[in-house]
>>> print(open('input_12.cif').read())   # mmCIF, C-alpha atoms and all ligand atoms
data_upload
#
loop_
_atom_site.label_atom_id
_atom_site.label_comp_id
_atom_site.auth_asym_id
_atom_site.auth_seq_id
_atom_site.Cartn_x
_atom_site.Cartn_y
_atom_site.Cartn_z
CA VAL A 24 139.59 9.86 89.16
CA LEU A 25 136.56 11.65 90.51
CA GLY A 26 136.84 10.16 93.99
CA ARG A 27 140.45 11.16 94.38
CA ARG A 28 139.86 14.66 93.04
CA ALA A 29 136.82 15.22 95.17
CA ARG A 30 138.69 14.35 98.32
CA CYS A 31 141.65 16.57 97.53
CA GLY A 32 141.17 20.27 98.16
CA CYS A 33 142.67 21.31 94.82
CA GLN A 34 140.03 19.79 92.51
CA LEU A 35 138.84 23.15 91.24
CA ILE A 36 142.18 24.01 89.67
CA ALA A 37 143.14 20.45 88.74
CA MET A 38 139.76 19.62 87.15
CA PRO A 39 140.35 16.68 84.78
CA ALA A 40 139.63 17.12 81.07
CA THR A 41 136.18 16.03 79.78
CA ALA A 42 137.54 12.66 78.63
CA ALA A 43 138.62 11.83 82.16
CA TRP A 44 135.07 12.42 83.40
CA GLN A 45 133.56 10.15 80.77
CA PRO A 46 133.62 6.90 82.82
CA ALA A 47 131.72 8.69 85.58
CA PHE A 48 128.82 9.68 83.31
CA ALA A 49 125.75 7.46 83.10
CA ASP A 50 125.24 5.76 79.71
CA ARG A 51 122.17 7.87 79.01
CA SER A 52 124.24 11.05 79.01
CA ALA A 53 126.04 9.80 75.89
CA HIS A 54 122.78 10.44 74.03
CA VAL A 55 122.86 14.12 74.95
CA ARG A 56 125.19 16.02 72.63
CA ALA A 57 126.27 19.62 72.18
CA SER A 58 125.29 21.13 68.88
CA GLU A 59 127.94 22.23 66.43
CA ILE A 60 125.46 24.74 65.05
CA ARG A 61 125.08 26.39 68.43
CA ASP A 62 128.84 27.11 68.24
CA LEU A 63 128.51 28.54 64.74
CA LEU A 64 125.71 30.80 65.89
CA LYS A 65 127.70 32.29 68.75
CA VAL A 66 128.44 35.29 66.53
CA LEU A 67 124.83 36.47 66.46
CA ASP A 68 125.55 39.71 68.28
CA ARG A 69 128.05 40.77 65.58
CA PRO A 70 127.35 44.29 64.27
CA GLY A 71 125.31 44.45 61.10
CA ILE A 72 124.29 40.80 61.16
CA ILE A 73 120.78 39.98 60.01
CA SER A 74 119.69 36.86 61.80
CA PHE A 75 116.80 34.55 61.06
CA ALA A 76 118.36 32.05 63.45
CA GLY A 77 116.99 32.92 66.89
CA GLY A 78 113.86 30.83 67.33
CA ILE A 79 112.88 32.90 70.34
CA PRO A 80 110.16 35.45 71.07
CA ASN A 81 110.78 39.13 70.46
CA PRO A 82 111.68 40.81 73.79
CA GLN A 83 110.04 44.05 72.64
CA LEU A 84 106.73 42.23 73.07
CA PHE A 85 107.20 41.17 76.66
CA PRO A 86 104.66 43.03 78.83
CA ARG A 87 107.41 44.34 81.08
CA ASP A 88 105.57 47.34 82.50
CA ARG A 89 102.63 45.20 83.45
CA ILE A 90 104.91 42.56 84.97
CA ALA A 91 106.72 45.28 86.97
CA ALA A 92 103.40 46.64 88.27
CA GLU A 93 102.18 43.15 89.21
CA LEU A 94 105.48 42.38 90.91
CA SER A 95 105.18 45.45 93.06
CA ALA A 96 101.54 44.63 93.92
CA ILE A 97 102.45 41.05 94.89
CA GLN A 98 105.32 42.29 97.05
CA GLN A 99 103.05 44.65 98.93
CA HIS A 100 100.23 42.14 99.37
CA GLN A 101 100.03 40.73 102.88
CA ALA A 102 99.45 37.11 101.88
CA LEU A 103 100.88 36.96 98.35
CA GLY A 104 104.14 38.73 99.24
CA PRO A 105 105.55 36.02 101.51
CA ALA A 106 103.97 33.19 99.46
CA ALA A 107 105.73 34.41 96.31
CA PHE A 108 109.10 33.58 97.88
CA GLN A 109 108.06 30.44 99.74
CA TYR A 110 108.02 26.77 98.68
CA SER A 111 104.70 25.73 97.26
CA VAL A 112 102.75 22.70 96.01
CA THR A 113 104.13 20.69 93.09
CA GLU A 114 100.97 20.83 90.97
CA GLY A 115 101.17 24.60 90.72
CA TYR A 116 99.64 27.85 91.96
CA GLY A 117 95.91 27.24 92.46
CA PRO A 118 94.57 30.43 90.82
CA LEU A 119 96.79 29.88 87.77
CA ARG A 120 95.61 26.28 87.43
CA GLY A 121 92.07 27.62 87.67
CA TRP A 122 92.76 30.09 84.86
CA ILE A 123 94.24 27.29 82.73
CA VAL A 124 91.10 25.18 83.34
CA GLN A 125 89.04 28.04 81.86
CA HIS A 126 91.48 28.47 78.99
CA MET A 127 91.27 24.75 78.15
CA GLY A 128 87.48 25.09 78.39
CA SER A 129 87.64 27.83 75.75
CA LEU A 130 89.41 25.27 73.52
CA GLY A 131 86.59 22.79 74.08
CA VAL A 132 88.23 20.67 76.78
CA VAL A 133 86.20 20.39 79.95
CA CYS A 134 88.51 19.60 82.84
CA ASP A 135 89.21 20.58 86.43
CA ILE A 136 92.17 21.78 88.37
CA ASP A 137 93.44 18.23 89.02
CA ASN A 138 93.87 17.75 85.27
CA ILE A 139 96.48 20.51 85.27
CA VAL A 140 100.10 20.49 86.41
CA VAL A 141 102.08 23.70 86.00
CA THR A 142 105.56 23.01 84.62
CA SER A 143 108.76 25.01 84.28
CA GLY A 144 108.08 25.79 80.63
CA SER A 145 106.70 23.18 78.25
CA GLN A 146 110.26 21.94 77.85
CA GLN A 147 110.07 20.50 81.35
CA ALA A 148 106.75 18.92 80.43
CA LEU A 149 108.49 17.07 77.57
CA ASP A 150 111.21 15.87 79.90
CA LEU A 151 108.74 14.71 82.57
CA LEU A 152 106.60 12.94 79.98
CA GLY A 153 109.70 11.24 78.57
CA LYS A 154 110.54 10.08 82.08
CA LEU A 155 106.99 8.83 82.58
CA PHE A 156 106.45 7.01 79.29
CA LEU A 157 109.78 6.07 77.73
CA GLN A 158 111.59 2.98 78.91
CA SER A 159 115.15 2.55 77.71
CA GLN A 160 115.15 1.26 74.07
CA ASP A 161 111.50 2.22 73.52
CA THR A 162 110.46 3.98 70.34
CA ALA A 163 108.88 7.42 70.16
CA LEU A 164 107.00 8.33 66.98
CA VAL A 165 108.00 11.80 65.79
CA ALA A 166 107.73 13.84 62.62
CA ARG A 167 110.73 14.32 60.33
CA PRO A 168 111.78 17.06 60.94
CA THR A 169 110.58 17.78 64.48
CA TYR A 170 111.33 20.08 67.43
CA LEU A 171 114.96 19.59 68.38
CA GLY A 172 114.22 20.23 72.08
CA ALA A 173 111.85 17.25 72.14
CA LEU A 174 114.54 15.00 70.66
CA GLN A 175 116.96 16.33 73.27
CA ALA A 176 114.50 15.67 76.09
CA PHE A 177 113.64 12.16 74.88
CA ASN A 178 117.24 11.22 73.98
CA ALA A 179 118.14 11.25 77.68
CA TYR A 180 115.85 8.22 78.11
CA GLN A 181 117.79 6.17 75.52
CA THR A 182 114.98 6.42 73.08
CA HIS A 183 114.73 5.20 69.49
CA TYR A 184 112.58 6.97 66.95
CA ASP A 185 110.28 6.03 64.13
CA THR A 186 108.56 8.40 61.75
CA LEU A 187 105.07 9.46 62.70
CA ASN A 188 103.14 9.12 59.48
CA THR A 189 99.43 9.79 59.25
CA GLY A 190 99.39 10.10 55.48
CA SER A 191 98.09 7.66 52.89
CA ASN A 192 101.37 5.69 52.88
CA ALA A 193 101.44 5.23 56.68
CA PRO A 194 102.88 1.98 58.06
CA THR A 195 100.45 -0.44 59.66
CA VAL A 196 100.20 -0.74 63.42
CA ALA A 197 101.82 -4.18 63.15
CA THR A 198 104.76 -2.66 61.26
CA TYR A 199 105.28 0.06 63.89
CA ARG A 200 105.18 -2.58 66.61
CA ALA A 201 107.54 -4.98 64.82
CA ARG A 202 110.09 -2.23 64.15
CA ALA A 203 110.02 -1.14 67.80
CA ALA A 204 110.41 -4.75 68.97
CA GLY A 205 113.37 -5.08 66.60
CA ARG A 206 114.99 -2.19 68.47
CA GLY A 207 114.44 -3.90 71.81
CA GLY A 208 111.38 -2.04 73.12
CA ARG A 209 107.81 -0.96 72.44
CA VAL A 210 106.23 2.02 70.76
CA SER A 211 105.53 4.14 73.78
CA LEU A 212 104.39 7.56 72.63
CA ALA A 213 103.71 9.76 69.63
CA TYR A 214 104.91 13.38 69.78
CA VAL A 215 103.38 16.08 67.64
CA VAL A 216 103.69 19.86 67.41
CA SER A 217 100.14 20.23 66.20
CA GLU A 218 100.10 23.91 65.16
CA HIS A 219 102.59 26.14 63.33
CA ALA A 220 105.30 23.67 64.18
CA ASN A 221 108.88 24.30 65.03
CA PRO A 222 110.69 23.99 62.65
CA THR A 223 108.34 23.61 59.67
CA GLY A 224 105.62 26.17 60.44
CA THR A 225 103.03 23.60 59.35
CA THR A 226 99.78 22.61 61.05
CA LEU A 227 98.51 19.04 61.13
CA PRO A 228 95.36 18.88 58.95
CA LEU A 229 92.13 17.78 60.62
CA GLU A 230 91.99 14.49 58.75
CA GLU A 231 95.50 13.61 59.89
CA ARG A 232 94.61 14.52 63.47
CA ARG A 233 91.78 12.02 63.29
CA LYS A 234 94.13 9.36 61.95
CA LEU A 235 96.61 10.19 64.70
CA LEU A 236 93.90 9.58 67.31
CA ASP A 237 93.06 6.27 65.60
CA LEU A 238 96.71 5.28 65.62
CA SER A 239 97.13 6.07 69.31
CA GLU A 240 94.06 3.99 70.05
CA GLN A 241 95.28 1.06 67.97
CA LEU A 242 98.78 1.20 69.45
CA ASP A 243 97.36 2.08 72.87
CA ILE A 244 99.90 4.85 73.36
CA PRO A 245 99.66 8.47 74.53
CA ILE A 246 99.96 11.36 72.11
CA VAL A 247 102.12 14.14 73.51
CA GLU A 248 100.58 17.22 71.89
CA ASP A 249 103.01 20.15 71.99
CA ALA A 250 100.84 23.24 71.56
CA ALA A 251 103.63 25.78 72.05
CA TYR A 252 102.46 27.95 69.11
CA GLN A 253 98.71 27.49 69.47
CA GLY A 254 97.99 31.10 70.41
CA LEU A 255 100.04 32.53 67.54
CA HIS A 256 97.54 32.16 64.72
CA TYR A 257 97.49 34.68 61.86
CA ASP A 258 95.01 33.60 59.16
CA GLY A 259 91.65 31.90 58.98
CA GLU A 260 90.12 29.64 61.57
CA PRO A 261 92.51 28.11 64.12
CA ALA A 262 92.77 24.32 64.04
CA ILE A 263 91.10 22.27 66.75
CA SER A 264 93.70 20.80 69.12
CA CYS A 265 94.19 17.04 69.18
CA LEU A 266 93.06 16.99 72.81
CA SER A 267 89.87 18.91 71.97
CA LEU A 268 89.20 16.53 69.09
CA GLU A 269 89.67 13.49 71.28
CA PHE A 270 87.53 15.09 73.98
CA GLN A 271 84.72 15.36 71.38
CA ARG A 272 85.11 11.66 70.65
CA ARG A 273 85.23 10.41 74.21
CA GLY A 274 83.26 12.98 76.18
CA SER A 275 85.66 12.99 79.14
CA ILE A 276 89.26 13.98 79.55
CA GLU A 277 89.77 10.94 81.77
CA ALA A 278 89.27 8.74 78.70
CA CYS A 279 91.66 10.76 76.49
CA ARG A 280 95.11 9.54 75.45
CA VAL A 281 96.26 13.00 74.36
CA VAL A 282 98.52 14.74 76.86
CA TYR A 283 98.49 18.46 76.06
CA CYS A 284 101.53 20.67 76.74
CA GLY A 285 100.88 24.41 76.81
CA THR A 286 103.16 27.35 77.54
CA PHE A 287 103.14 31.07 78.25
CA SER A 288 106.59 31.41 76.68
CA LYS A 289 105.51 32.46 73.20
CA THR A 290 102.63 34.68 74.24
CA VAL A 291 103.84 36.34 77.46
CA ALA A 292 107.52 35.83 78.38
CA PRO A 293 109.74 32.72 78.20
CA GLY A 294 112.08 33.81 81.00
CA LEU A 295 109.35 33.29 83.59
CA ARG A 296 109.43 29.58 82.62
CA VAL A 297 105.77 28.72 83.01
CA GLY A 298 103.97 26.05 81.02
CA TRP A 299 101.47 23.33 81.81
CA ILE A 300 100.31 19.80 81.18
CA CYS A 301 96.60 19.11 80.75
CA ALA A 302 95.72 15.41 80.80
CA ALA A 303 93.76 12.64 82.49
CA LYS A 304 94.24 12.64 86.26
CA ALA A 305 95.98 9.26 86.14
CA VAL A 306 98.72 11.06 84.17
CA THR A 307 98.83 14.38 86.05
CA ARG A 308 99.05 12.58 89.41
CA GLN A 309 102.07 10.62 88.27
CA ILE A 310 103.66 13.66 86.62
CA ALA A 311 103.33 15.62 89.86
CA LEU A 312 105.22 12.88 91.71
CA ILE A 313 107.99 12.89 89.10
CA LYS A 314 108.16 16.68 89.06
CA GLN A 315 108.52 16.69 92.82
CA GLY A 316 111.77 14.79 92.44
CA SER A 317 112.89 17.15 89.71
CA ASP A 318 112.33 20.69 91.03
CA LEU A 319 109.66 20.46 93.78
CA HIS A 320 107.60 23.05 91.92
CA THR A 321 107.78 25.80 89.32
CA GLY A 322 108.87 29.17 90.77
CA SER A 323 106.07 30.60 92.91
CA LEU A 324 106.77 34.20 91.92
CA SER A 325 106.81 33.33 88.20
CA GLN A 326 103.48 31.57 88.46
CA MET A 327 101.90 34.46 90.33
CA LEU A 328 103.21 36.99 87.83
CA ILE A 329 101.93 34.96 84.90
CA TYR A 330 98.56 34.57 86.59
CA GLU A 331 98.18 38.28 87.29
CA VAL A 332 99.16 39.14 83.70
CA VAL A 333 96.97 36.59 81.94
CA ARG A 334 93.87 37.09 84.05
CA ARG A 335 93.91 40.79 83.24
CA ALA A 336 95.36 40.97 79.77
CA TYR A 337 95.84 37.60 78.02
CA ALA A 338 93.70 38.42 74.99
CA ASP A 339 95.29 41.87 74.53
CA GLN A 340 98.79 40.47 74.92
CA VAL A 341 98.18 37.71 72.36
CA ALA A 342 96.63 40.22 69.95
CA LYS A 343 99.71 42.44 70.25
CA VAL A 344 102.11 39.56 69.56
CA VAL A 345 100.00 38.24 66.68
CA ALA A 346 99.85 41.66 64.98
CA VAL A 347 103.64 42.08 65.04
CA TYR A 348 104.53 38.53 63.97
CA ARG A 349 101.88 38.45 61.25
CA ARG A 350 103.38 41.56 59.66
CA ARG A 351 106.89 40.11 59.84
CA ARG A 352 105.73 36.83 58.39
CA ASP A 353 104.12 38.68 55.48
CA ILE A 354 107.27 40.70 54.81
CA LEU A 355 109.38 37.54 54.91
CA LEU A 356 107.09 35.62 52.54
CA ASP A 357 107.02 38.57 50.19
CA ALA A 358 110.83 38.78 50.17
CA LEU A 359 111.16 35.03 49.63
CA ASN A 360 108.89 35.32 46.60
CA ARG A 361 110.95 38.20 45.31
CA TYR A 362 114.47 36.84 45.83
CA LEU A 363 114.42 33.09 46.32
CA ARG A 364 111.76 31.71 44.00
CA SER A 365 114.18 30.12 41.57
CA ASP A 366 116.38 28.62 44.33
CA ALA A 367 114.02 27.11 46.85
CA GLN A 368 110.53 26.24 47.99
CA TRP A 369 109.05 26.94 51.42
CA THR A 370 106.02 26.45 53.63
CA PRO A 371 103.91 29.62 54.10
CA PRO A 372 102.92 29.29 57.79
CA ALA A 373 99.50 30.40 59.08
CA GLY A 374 101.06 31.23 62.45
CA GLY A 375 104.04 30.67 64.73
CA MET A 376 107.53 32.00 64.11
CA PHE A 377 109.06 29.86 61.36
CA VAL A 378 109.35 29.36 57.62
CA TRP A 379 110.94 26.10 56.50
CA VAL A 380 112.97 26.38 53.31
CA THR A 381 114.06 23.53 51.03
CA LEU A 382 116.82 24.45 48.59
CA TYR A 383 116.57 23.03 45.09
CA ARG A 384 120.34 22.47 44.97
CA LYS A 385 121.43 19.54 47.13
CA ILE A 386 123.82 21.58 49.21
CA ASP A 387 124.43 21.27 52.92
CA ALA A 388 122.76 24.19 54.69
CA ALA A 389 125.29 23.93 57.55
CA ASP A 390 128.08 24.64 55.07
CA LEU A 391 125.95 27.36 53.49
CA LEU A 392 125.58 28.93 56.94
CA ARG A 393 129.36 29.15 57.33
CA SER A 394 129.52 30.93 54.01
CA ALA A 395 126.50 33.14 54.81
CA LEU A 396 128.10 34.31 58.05
CA GLU A 397 131.45 34.95 56.40
CA THR A 398 130.41 36.59 53.18
CA HIS A 399 127.03 38.24 53.83
CA ASN A 400 126.72 38.57 57.61
CA ILE A 401 123.48 36.66 57.70
CA ALA A 402 122.34 33.74 59.85
CA PHE A 403 119.70 31.01 59.83
CA VAL A 404 119.44 27.53 61.32
CA PRO A 405 120.35 24.60 59.07
CA GLY A 406 117.66 21.91 59.01
CA ALA A 407 119.71 18.78 59.77
CA PRO A 408 119.52 18.81 63.60
CA PHE A 409 115.72 18.66 63.44
CA TYR A 410 115.84 15.15 61.92
CA TYR A 411 116.27 12.13 64.16
CA ASN A 412 117.88 10.31 61.20
CA GLU A 413 118.82 10.73 57.52
CA ALA A 414 118.65 14.50 57.60
CA GLU A 415 117.61 16.37 54.50
CA VAL A 416 120.61 18.65 54.60
CA ASN A 417 119.38 21.06 51.93
CA THR A 418 116.82 22.51 54.35
CA LEU A 419 116.91 25.49 56.69
CA ARG A 420 114.70 27.30 59.17
CA LEU A 421 114.05 31.02 59.01
CA SER A 422 112.61 32.59 62.13
CA PHE A 423 110.79 35.90 61.68
CA SER A 424 110.16 36.80 65.32
CA LEU A 425 113.39 38.69 65.94
CA PRO A 426 114.68 40.51 62.83
CA GLU A 427 113.52 44.10 62.48
CA GLU A 428 110.82 44.58 59.85
CA ALA A 429 113.09 46.92 57.92
CA SER A 430 115.88 44.36 57.64
CA ILE A 431 113.91 41.25 56.67
CA ALA A 432 113.88 41.88 52.91
CA GLU A 433 117.56 42.76 52.88
CA GLY A 434 118.29 39.59 54.86
CA VAL A 435 116.55 37.45 52.25
CA GLU A 436 118.33 39.29 49.45
CA ARG A 437 121.64 38.54 51.18
CA LEU A 438 120.61 34.90 51.52
CA ALA A 439 119.93 34.75 47.78
CA GLN A 440 123.31 36.39 47.07
CA THR A 441 125.03 33.88 49.38
CA LEU A 442 123.39 31.05 47.45
CA HIS A 443 124.43 32.48 44.10
CA THR A 444 128.08 32.89 45.10
CA TYR A 445 128.27 29.78 47.27
CA LYS A 446 130.86 27.11 46.51
CA PRO A 447 130.76 24.01 48.72
CA SER A 448 133.81 23.67 50.99
CA GLU A 449 133.77 19.92 50.26
CA PRO A 450 131.85 17.80 47.75
CA HIS A 451 128.24 16.99 48.65
CA VAL A 452 125.69 14.59 47.28
C1 LIG B 1 107.75 23.29 69.73
C2 LIG B 1 108.29 23.77 71.03
N1 LIG B 1 107.93 23.14 72.15
C3 LIG B 1 108.39 23.54 73.34
C4 LIG B 1 109.25 24.60 73.46
C5 LIG B 1 109.75 24.96 74.82
O1 LIG B 1 109.21 26.15 75.25
P1 LIG B 1 109.06 26.54 76.79
O2 LIG B 1 109.83 25.54 77.61
O3 LIG B 1 109.65 27.89 76.90
O4 LIG B 1 107.61 26.48 77.07
C6 LIG B 1 109.66 25.30 72.33
C7 LIG B 1 110.60 26.42 72.43
O5 LIG B 1 111.13 26.92 71.48
C8 LIG B 1 109.16 24.87 71.08
O6 LIG B 1 109.50 25.48 69.93
#
>>> encode(input="input_12.cif", output="structure tokens")
Amino acid sequence: VLGRRARCGCQLIAMPATAAWQPAFADRSAHVRASEIRDLLKVLDRPGIISFAGGIPNPQLFPRDRIAAELSAIQQHQALGPAAFQYSVTEGYGPLRGWIVQHMGSLGVVCDIDNIVVTSGSQQALDLLGKLFLQSQDTALVARPTYLGALQAFNAYQTHYDTLNTGSNAPTVATYRARAAGRGGRVSLAYVVSEHANPTGTTLPLEERRKLLDLSEQLDIPIVEDAAYQGLHYDGEPAISCLSLEFQRRGSIEACRVVYCGTFSKTVAPGLRVGWICAAKAVTRQIALIKQGSDLHTGSLSQMLIYEVVRRAYADQVAKVVAVYRRRRDILLDALNRYLRSDAQWTPPAGGMFVWVTLYRKIDAADLLRSALETHNIAFVPGAPFYYNEAEVNTLRLSFSLPEEASIAEGVERLAQTLHTYKPSEPHV
């Protein structure tokens, strides 16, 4: 079908329906699916809606004036101006990699510029790492629930999943291996959002981090540490990253199995699409080769803008974001205590953008969302898509980064009202 259409000049109007394209798609694309919830949430710009759904940074916090000033300075600069619009090296803009080396040093990881590859957001890092480590039918160890974008990235490599468990009832190494072999592959990586996770808001306790390092050693697999929310810490001492912990154990990044993924999306601006991988050189070298085949390099202008912003104002920018999100988190937790205590339990996060709610009634939060949108003009994200299997459907994620402070309490009140008037559209367990 495709061949014939492509040769004929009318293919744009006579484009075959999706089903007709199916035989042309590689098998791995069958593992990449559109989300039904995304469709439900298309109404988020409806007037009067209060939305806890958008798991994205608040645009009011983007340092737009500073970015505009830096853009103009780069444009006028004799060397930087042309370079900003030219192809560049795959590993990333040298000064930015240098800044990241210092930043990793401040986290206790001594490394050099060759341990860093700049990526197009940390999402690209997840994709590149999936490409590097996951053979078809291999098993990735992930939390239940975990970041949906990681599942989406890994799914493309025809990956199976097993539950990453570092608690007292954890499976043995032999069990993990046997289960993976039963699925036709090996255990090839463990993925963890170590701080203020998306979607649960939780942080991996120190003792569990140690066990995770032990597990990766015993299984001889890398740990992909997704540190997307590491800068957004609101109470007490921040946790030590898994990479920093392993660095303490081994004394050199070259001996570490943790591959750290950082990003400027949550602290500066996600639209610039700048993140990074920090890992042993054996890994970064290979990642650079793979990235070359993917996008040659991350946008030169974006990298320069990020560099100019963070070298001058990273601490101030993070402090500004933290102050706003901390206040919103407090208002949300307060409202949950006021309106939802008899209906649900939740995780009070020490940072990040999310509160994870488990309803006491075993109702499907996707069905509840339909009702919430219809009857109370309120939105959230149902929990099911964050599970690789056997979803706990009575869960939902509330994001507090976007809703106005003044509407958060009303939003939670509406959620409670939705719950009290909710009747399932079909019977549930
Ligand atoms: C846990 C986690 N990792 C990675 C990402 C991707 O972020 P980016 O590609 O903008 O760095 C997100 C975005 O929401 C996230 O929540």
>>> atom_distance(input="input_12.cif", atom1="CA of Asp88 (chain A)", atom2="CA of His100 (chain A)")
18.4 Å
>>> residues_around(input="input_12.cif", residues="Asp185 (chain A)", least_positions_apart="3", cutoff="9 Å", atoms="all atoms listed in the file", output="compact mmCIF listing (two decimals) with C-alpha atoms, in the coordinates of the input")
# COMPACT_ATOMS: atom_id res chain seq x y z
CA THR A 162 110.46 3.98 70.34
CA ALA A 163 108.88 7.42 70.16
CA LEU A 164 107.00 8.33 66.98
CA VAL A 165 108.00 11.80 65.79
CA ALA A 166 107.73 13.84 62.62
CA TYR A 199 105.28 0.06 63.89
CA ARG A 202 110.09 -2.23 64.15
CA ALA A 203 110.02 -1.14 67.80
CA VAL A 210 106.23 2.02 70.76
CA TYR A 411 116.27 12.13 64.16
>>> atom_distance(input="input_12.cif", atom1="CA of Gln340 (chain A)", atom2="CA of Lys289 (chain A)")
10.6 Å
>>> residues_near_ligand(input="input_12.cif", ligand="ligand LIG 1 (chain B)", cutoff="8 Å", atoms="only C-alpha atoms and all ligand atoms", output="JSON, numbers by chain")
{"A": [78, 79, 143, 144, 145, 146, 147, 148, 149, 170, 172, 173, 216, 220, 221, 222, 249, 250, 251, 252, 285, 286, 287, 288, 289, 293, 294, 296, 297, 298]}
>>> atom_distance(input="input_12.cif", atom1="CA of Asn192 (chain A)", atom2="CA of Thr370 (chain A)")
21.3 Å
>>> residues_around(input="input_12.cif", residues="Val124 (chain A)", least_positions_apart="5", cutoff="8 Å", atoms="only C-alpha atoms", output="PyMOL selection string")
chain A and resi 133-136+139
>>> residues_around(input="input_12.cif", residues="Asn400 (chain A)", least_positions_apart="6", cutoff="9 Å", atoms="all atoms listed in the file", output="VMD selection string")
chain A and resid 69 to 74 394 434 437
>>> closest_residue(input="input_12.cif", among="A:Arg350, A:His256, A:His183, A:Arg308", to="Ala373 (chain A)", atoms="only C-alpha atoms")
A:His256
>>> residues_near_point(input="input_12.cif", point="(124.0, 9.3, 78.7)", cutoff="12 Å", atoms="only C-alpha atoms", output="NGL selection string")
:A and (45-56 or 159 or 175-182)
>>> axis_aligned_box(input="input_12.cif", around="region 111-126 of chain A", padding_each_side="3 Å", output="AutoDock Vina command-line options")
--center_x 96.9 --center_y 25.6 --center_z 88.1 --size_x 21.7 --size_y 15.7 --size_z 24.3
>>> residues_around(input="input_12.cif", residues="Gln125 (chain A)", least_positions_apart="4", cutoff="12 Å", atoms="only C-alpha atoms", output="MDAnalysis selection string")
chainID A and resid 118:121 129:136 138:139 301 333:334
>>> closest_residue(input="input_12.cif", among="A:Thr198, A:Thr418, A:Thr381, A:Ser424", to="Val345 (chain A)", atoms="all atoms listed in the file")
A:Ser424
>>> build_atoms(input="input_12.cif", residues="region 76-90 of chain A", atoms="N, CA and C atoms", output="PDB file, keeping the file's coordinate frame")
ATOM      1  N   ALA A  76     118.031  33.280  62.735  1.00  0.00           N
ATOM      2  CA  ALA A  76     118.360  32.050  63.450  1.00  0.00           C
ATOM      3  C   ALA A  76     117.619  31.928  64.778  1.00  0.00           C
ATOM      4  N   GLY A  77     117.526  33.013  65.530  1.00  0.00           N
ATOM      5  CA  GLY A  77     116.990  32.920  66.890  1.00  0.00           C
ATOM      6  C   GLY A  77     115.531  32.516  66.900  1.00  0.00           C
ATOM      7  N   GLY A  78     115.258  31.281  67.279  1.00  0.00           N
ATOM      8  CA  GLY A  78     113.860  30.830  67.330  1.00  0.00           C
ATOM      9  C   GLY A  78     113.222  31.222  68.638  1.00  0.00           C
ATOM     10  N   ILE A  79     113.378  32.468  69.029  1.00  0.00           N
ATOM     11  CA  ILE A  79     112.880  32.900  70.340  1.00  0.00           C
ATOM     12  C   ILE A  79     111.947  34.102  70.181  1.00  0.00           C
ATOM     13  N   PRO A  80     111.097  34.319  71.175  1.00  0.00           N
ATOM     14  CA  PRO A  80     110.160  35.450  71.070  1.00  0.00           C
ATOM     15  C   PRO A  80     110.891  36.793  71.064  1.00  0.00           C
ATOM     16  N   ASN A  81     110.198  37.789  70.539  1.00  0.00           N
ATOM     17  CA  ASN A  81     110.780  39.130  70.460  1.00  0.00           C
ATOM     18  C   ASN A  81     110.645  39.840  71.814  1.00  0.00           C
ATOM     19  N   PRO A  82     111.775  40.217  72.433  1.00  0.00           N
ATOM     20  CA  PRO A  82     111.680  40.810  73.790  1.00  0.00           C
ATOM     21  C   PRO A  82     110.920  42.121  73.820  1.00  0.00           C
ATOM     22  N   GLN A  83     110.813  42.792  72.650  1.00  0.00           N
ATOM     23  CA  GLN A  83     110.040  44.050  72.640  1.00  0.00           C
ATOM     24  C   GLN A  83     108.568  43.798  72.958  1.00  0.00           C
ATOM     25  N   LEU A  84     108.142  42.542  72.847  1.00  0.00           N
ATOM     26  CA  LEU A  84     106.730  42.230  73.070  1.00  0.00           C
ATOM     27  C   LEU A  84     106.434  41.740  74.486  1.00  0.00           C
ATOM     28  N   PHE A  85     107.461  41.602  75.286  1.00  0.00           N
ATOM     29  CA  PHE A  85     107.200  41.170  76.660  1.00  0.00           C
ATOM     30  C   PHE A  85     106.461  42.300  77.399  1.00  0.00           C
ATOM     31  N   PRO A  86     105.424  41.971  78.128  1.00  0.00           N
ATOM     32  CA  PRO A  86     104.660  43.030  78.830  1.00  0.00           C
ATOM     33  C   PRO A  86     105.394  43.462  80.104  1.00  0.00           C
ATOM     34  N   ARG A  87     106.525  44.099  79.922  1.00  0.00           N
ATOM     35  CA  ARG A  87     107.410  44.340  81.080  1.00  0.00           C
ATOM     36  C   ARG A  87     106.832  45.349  82.067  1.00  0.00           C
ATOM     37  N   ASP A  88     106.148  46.371  81.560  1.00  0.00           N
ATOM     38  CA  ASP A  88     105.570  47.340  82.500  1.00  0.00           C
ATOM     39  C   ASP A  88     104.514  46.683  83.365  1.00  0.00           C
ATOM     40  N   ARG A  89     103.696  45.883  82.695  1.00  0.00           N
ATOM     41  CA  ARG A  89     102.630  45.200  83.450  1.00  0.00           C
ATOM     42  C   ARG A  89     103.236  44.237  84.465  1.00  0.00           C
ATOM     43  N   ILE A  90     104.270  43.514  84.047  1.00  0.00           N
ATOM     44  CA  ILE A  90     104.910  42.560  84.970  1.00  0.00           C
ATOM     45  C   ILE A  90     105.498  43.325  86.163  1.00  0.00           C
TER      46      ILE A  90
END
